[in-house]
Amino acid sequence: MALSVTCVAAAITGCHAGSSTRAKTIAIITPAGANEFNADLAAGAADKAKLLGWNPVNHLSPSGDADDADLVALAMKALSDKPDAISVCGMDPSALQRVVRTANADSIPVFVHNQISTITGDVAAYIGYDEFAAGRQCGDYAVRLLSQGDRKNLPVGQVAILDGAPGEHSIERAGGFREALKYCAGVQIIEEKSGEWSKDKANHLVTDWLTRYPKLSVIFACNDNMAIGAAEALHTTNIAVNSDGRTGANRHVSIIGFGGTHEALVRVKYGELAATLALEPRKIGSRIVTAMMDTLAGGDTVHPGEVIHTDTTLVNSQNLDDFIGGFDSAPLNPAVSSSAGSGGDVH
């Protein structure tokens, strides 16, 4: 049955919230709660909610990987408690629309994070970064790296891409990266294969590439997990080369990751990664709560259905110290670390 104009207006303006002075209760649904990105996003939201004097955030997430049916079930559970607002992670449009319809019917403002493509239904706001543009940032940096050795400062070299598992995340990130290289006549993409978001799978692929492509210059990985696998493959290959007595024969391949995880930043510091595209999930979490605050207060800063873009930062050795603010990287030895996340660690 179609929603009335009054009901829709209530869902968007937050009439469900009741008194503007009452402490609000909100819910956030994320996949893989043990994953660093999702844990940090929830922490950023919790910090902002606490600062506003709201009740503790109801963060619902499976401990491991989840399919859309699991995420819908968690969202429905959260909605049954009648929160003042809810934010759900991006998922298949049909699954997401089911959640949105239920929230609309209960006049609960619903937000979508980590997805900026709009769907049918009344969504208060979409909050996240543009994955295609983020991939293009990585591609632009690859062009800079490939230009350094040319006398005319033109990009020249061989590039390989580690895709994630098939899906929108990988398509957008790799697509943006390729777009940046589109008109670089001297750049050749020699391999593009799925590492399935897995460090071990990426390690296996890159070990093979290093054997078959002696002129490989740059590897772009669609997440940090795979970038770390690539770095470890390069490290192992160089050890093997030197064990044969061919000292000074170390391969230099610039590896660009995607995510800005703690371990990836450490590996940038140690020179094992050329860069990582940092997504800053704590800021995303905080931005979700800020958008909720405006909507629940009936403000006009956030417009119904608005796409709110969050920032990304390409972090390399030049801006690393400023970006990390001096976190202590000493406890992690990247040469021997195996602390990558699960294979489903998309971010």
# chains A, B, ... in the order shown; residues from 1 in each chain; ligands from 1
>>> closest_atom_pairs(of="segment 219-305 of chain A", to="segment 153-175 of chain A", cutoff="12 Å", atoms="only C-alpha atoms", output="tab-separated table")
residue	atom	partner	partner_atom	distance
A:Ile219	CA	A:Ala160	CA	4.9
A:Phe220	CA	A:Ile161	CA	4.9
A:Ala221	CA	A:Leu162	CA	4.6
A:Cys222	CA	A:Asp163	CA	5.5
A:Asn223	CA	A:Gly164	CA	7.4
A:Asp224	CA	A:Leu162	CA	10.5
A:Asn225	CA	A:Gly164	CA	10.0
A:Met226	CA	A:Leu162	CA	7.2
A:Ala227	CA	A:Leu162	CA	8.2
A:Ile228	CA	A:Leu162	CA	11.4
A:Gly229	CA	A:Leu162	CA	10.4
A:Ala230	CA	A:Leu162	CA	9.0
A:Val253	CA	A:Val159	CA	9.5
A:Ser254	CA	A:Val159	CA	9.6
A:Ile255	CA	A:Ala160	CA	9.7
A:Ile256	CA	A:Ile161	CA	9.7
A:Gly257	CA	A:Leu162	CA	9.7
A:Phe258	CA	A:Arg173	CA	8.8
A:Gly259	CA	A:Arg173	CA	11.1
A:Leu277	CA	A:Arg173	CA	10.8
>>> closest_residue(among="A:Pro304, A:Gly128, A:Gly53, A:Gly90", to="Lys24 of chain A", atoms="only C-alpha atoms")
A:Gly53
>>> atom_distance(atom1="atom CA of Thr118 of chain A", atom2="atom CA of Ala32 of chain A")
23.0 Å
>>> select_by_dssp(residues="segment 237-331 of chain A", states="alpha helix (DSSP H)", output="number ranges by chain")
A: 237-243, 262-269, 281-296, 320-324
>>> closest_residue(among="A:Ile29, A:Ala231, A:Ala39, A:Ile189", to="Glu272 of chain A", atoms="only C-alpha atoms")
A:Ala231
>>> residues_around(residues="segment 133-142 of chain A", least_positions_apart="5", cutoff="6 Å", atoms="only C-alpha atoms", output="VMD selection string")
chain A and resid 173 176 to 177 180
>>> select_by_dssp(residues="segment 70-219 of chain A", states="strand (DSSP E or B)", output="JSON, numbers by chain")
{"A": [85, 86, 87, 88, 89, 110, 111, 112, 113, 125, 126, 127, 128, 157, 158, 159, 160, 161, 162, 163, 187, 188, 189, 190, 191, 192, 193, 194, 216, 217, 218, 219]}
>>> closest_residue(among="A:Ile26, A:Gln97, A:Leu320, A:Leu41", to="Tyr270 of chain A", atoms="only C-alpha atoms")
A:Leu320
